Structure formats: C-alpha cells, structure tokens
Amino acid sequence: MNEAEMAAAGGEPPAQSGPDDLFNHFYTEVKQIEKRDSVLTSKQQIDRLLRPGSSYFNLNPFEVLQIDPEATDEELKKRFRALSILVHPDKNQDDPGRAQLAFEAVDKAYKNLLEPEQKKRAVDVIQAGKEYVEHNMKEKKKLLKKDGKPQFVEEDDPEMFRQAVYKQTMKLFAELEIKRKEREAKDMHERKRAREEEIETAEKAKREREWQKNFEETRDGRVDSWRSFQAGKGKAKKEKKPRSFLKPPKVKMEQRE
C-alpha cells in the first residue's frame, strides 16, 4: 500500500510511525495471535511444536510457550501448566510418541525461562532482531531519500515489521545454536584428544614400571650368572696345562763295516 492509498483509507502513512510505535504494535499483534493460538486443540498444539523446522523454531522459548517476553513469572507458570497438560502423553493416548516430544519441547522452554541468564539471553536475541530490522529500515529510507523517492518501506506495515522481526529473531537463534554445536563438537574433540594423551601417558608409565620391576626381580639372577661365569673362567685358567711342543725324531747314525 502506497501513501495515496493510506491517505484514502483515512490514516497517516506508516512511515510517520516511529520504530518504538511499530514494535509496540508488533507485540500487540503477537499477543492477539497467542490468544488465538492458545485455544488450539491438543493435536494442533502437537503439530505446531513438531512442524518441519521445529528444531529451530523451538529455540525461542517464548515462541514455544506462545507468551510475551514481558510476561510475569506467574503468567509464565500458568501458561506452562495449561500447555503442558494439553500436550501431555497421558492426554494423547492415540499418539503418545509425538505428544512426548511436544511435552519435552514445552518443558525445556519453561525451564530455560526459569533460569535468569537463559531468559535474558532469549530476550536479548529478540531485541537484537528488532534492532536489526529497524537499522535496515533506516538504511533503506536513506537511500530512498537520496534518490528523492517517498520514504516508505514495506516494514512500515506493522504486519510486515512483525514478520521481519520474527524471521530475523529465528535466524539469530539458529545461528547461536549452530555456533553452540560447533563449540560443543570442538570441546568434545579436545576432551577426546586429552583423554587419549592421558591414556597413552599412563600406559607408557605402566610399561616403564613393569620394565623396572622386571629388571629388579631378575638382577640377582643376572649377578649370579655373571659370577658363575667369572668363576668358571678363573678355574679354567688354573687348570690350563703347559703348552707342549712337537720334538723332532732322533736320527740314528749309520754304522760302517
């Protein structure tokens, strides 16, 4: 919708709204959507939590529980109870396997939000997504102004702004998860290598101890053998007979008659 269409509709162009106003509108719509989705059936909630791409969608605990980041602890607790009962395997005997996975996603999201550090991290990611979209909007409007064009971008539409923030937030959560897995894999590799080196060092020390032990245990035998050898060698010297030389035969003198 362009400015003329907005004027015809009897309202001011969205471009006149500030980022904070847009963000407040965004959360107002989110709450409306949460209220609508909160009445989903058990099957629908399970489908939502296990939809394709859920491994990334469910990284946002607020998205899993369908609750506003500014919700109080009491509201969070009530929402968890309601949703966990809805997807609990006992309530979904016809599909206990998928219900269990959905319940685990809800339980994990709730526990994350109970941890102040984890909750702050999630809120920071959402705020970073909002700021990223707002920055892009400003940059686009600068270019439009430079070109002498109306400074209206699609994110001025509250619904488009909401979608942009949602997509960017999901992207940030995914990037953080990928980095976490990379760090985890690297740490695991380092621990494995350190363990292998530790085992090799221990085995080397064991071999050295065994060699030393064997050396000590056989030392007396080696000494006795050497002594016996030396004693036998000395005896052989004492019993050695003087060297005899071959004497030439005596020559008889021939007698003459």
# chains A, B, ... in the order shown; residues from 1 in each chain; ligands from 1
$ closest_atom_pairs --of "range 93-148 of chain A" --to "range 158-178 of chain A" --cutoff "9 Å" --atoms "only C-alpha atoms" --output "CSV"
residue,atom,partner,partner_atom,distance
A:Ala122,CA,A:Phe173,CA,8.3
A:Val125,CA,A:Thr169,CA,6.4
A:Ile126,CA,A:Thr169,CA,5.5
A:Gln127,CA,A:Thr169,CA,8.3
A:Ala128,CA,A:Thr169,CA,7.5
A:Gly129,CA,A:Thr169,CA,4.7
A:Lys130,CA,A:Val165,CA,5.3
A:Glu131,CA,A:Val165,CA,8.6
A:Tyr132,CA,A:Gln168,CA,7.7
A:Val133,CA,A:Val165,CA,6.2
A:Glu134,CA,A:Phe161,CA,8.8
$ residues_around --residues "Gln118 in chain A" --least-positions-apart "4" --cutoff "12 Å" --atoms "only C-alpha atoms" --output "PyMOL selection string"
chain A and resi 59-62+108-114+122-125
$ atom_distance --atom1 "CA of Lys43 in chain A" --atom2 "CA of Glu75 in chain A"
23.3 Å
$ select_by_dssp --residues "range 143-190 of chain A" --states "alpha helix (DSSP H)" --output "MDAnalysis selection string"
chainID A and resid 143:146 158:190
$ residues_around --residues "range 45-56 of chain A" --least-positions-apart "4" --cutoff "9 Å" --atoms "only C-alpha atoms" --output "VMD selection string"
chain A and resid 37 to 38 40 to 41 60 64 83 86 to 87 98 to 99 101 to 103 105 to 106 170 to 171 173 to 174 177
$ write_last_selection --atoms "C-alpha atoms" --output "PDB file, in the first residue's frame"
ATOM      1  CA  ASP A  37      -3.495 -19.997  19.155  1.00  0.00           C
ATOM      2  CA  SER A  38      -3.901 -20.634  22.865  1.00  0.00           C
ATOM      3  CA  LEU A  40      -5.683 -24.789  19.721  1.00  0.00           C
ATOM      4  CA  THR A  41      -6.574 -28.405  20.330  1.00  0.00           C
ATOM      5  CA  ASN A  60      12.874 -19.416  21.054  1.00  0.00           C
ATOM      6  CA  VAL A  64       7.261 -22.420  22.170  1.00  0.00           C
ATOM      7  CA  LEU A  83       0.140 -26.047  27.548  1.00  0.00           C
ATOM      8  CA  LEU A  86      -2.703 -30.015  26.611  1.00  0.00           C
ATOM      9  CA  VAL A  87       0.201 -31.920  25.005  1.00  0.00           C
ATOM     10  CA  ARG A  98       4.694 -37.290  19.299  1.00  0.00           C
ATOM     11  CA  ALA A  99       2.953 -35.998  22.423  1.00  0.00           C
ATOM     12  CA  LEU A 101       8.283 -34.908  22.074  1.00  0.00           C
ATOM     13  CA  ALA A 102       5.943 -31.907  22.213  1.00  0.00           C
ATOM     14  CA  PHE A 103       5.806 -32.083  26.002  1.00  0.00           C
ATOM     15  CA  ALA A 105       9.807 -29.050  23.998  1.00  0.00           C
ATOM     16  CA  VAL A 106       7.375 -27.222  26.305  1.00  0.00           C
ATOM     17  CA  MET A 170      14.574 -17.038  14.354  1.00  0.00           C
ATOM     18  CA  LYS A 171      17.726 -16.612  12.239  1.00  0.00           C
ATOM     19  CA  PHE A 173      18.540 -18.162  17.437  1.00  0.00           C
ATOM     20  CA  ALA A 174      19.575 -20.621  14.702  1.00  0.00           C
ATOM     21  CA  GLU A 177      22.591 -22.790  18.125  1.00  0.00           C
TER      22      GLU A 177
END
$ atom_distance --atom1 "CA of Asn214 in chain A" --atom2 "CA of Arg195 in chain A"
28.3 Å
$ closest_residue --among "A:Arg121, A:Ser42, A:Asp187, A:Glu115" --to "Asp94 in chain A" --atoms "only C-alpha atoms"
A:Ser42
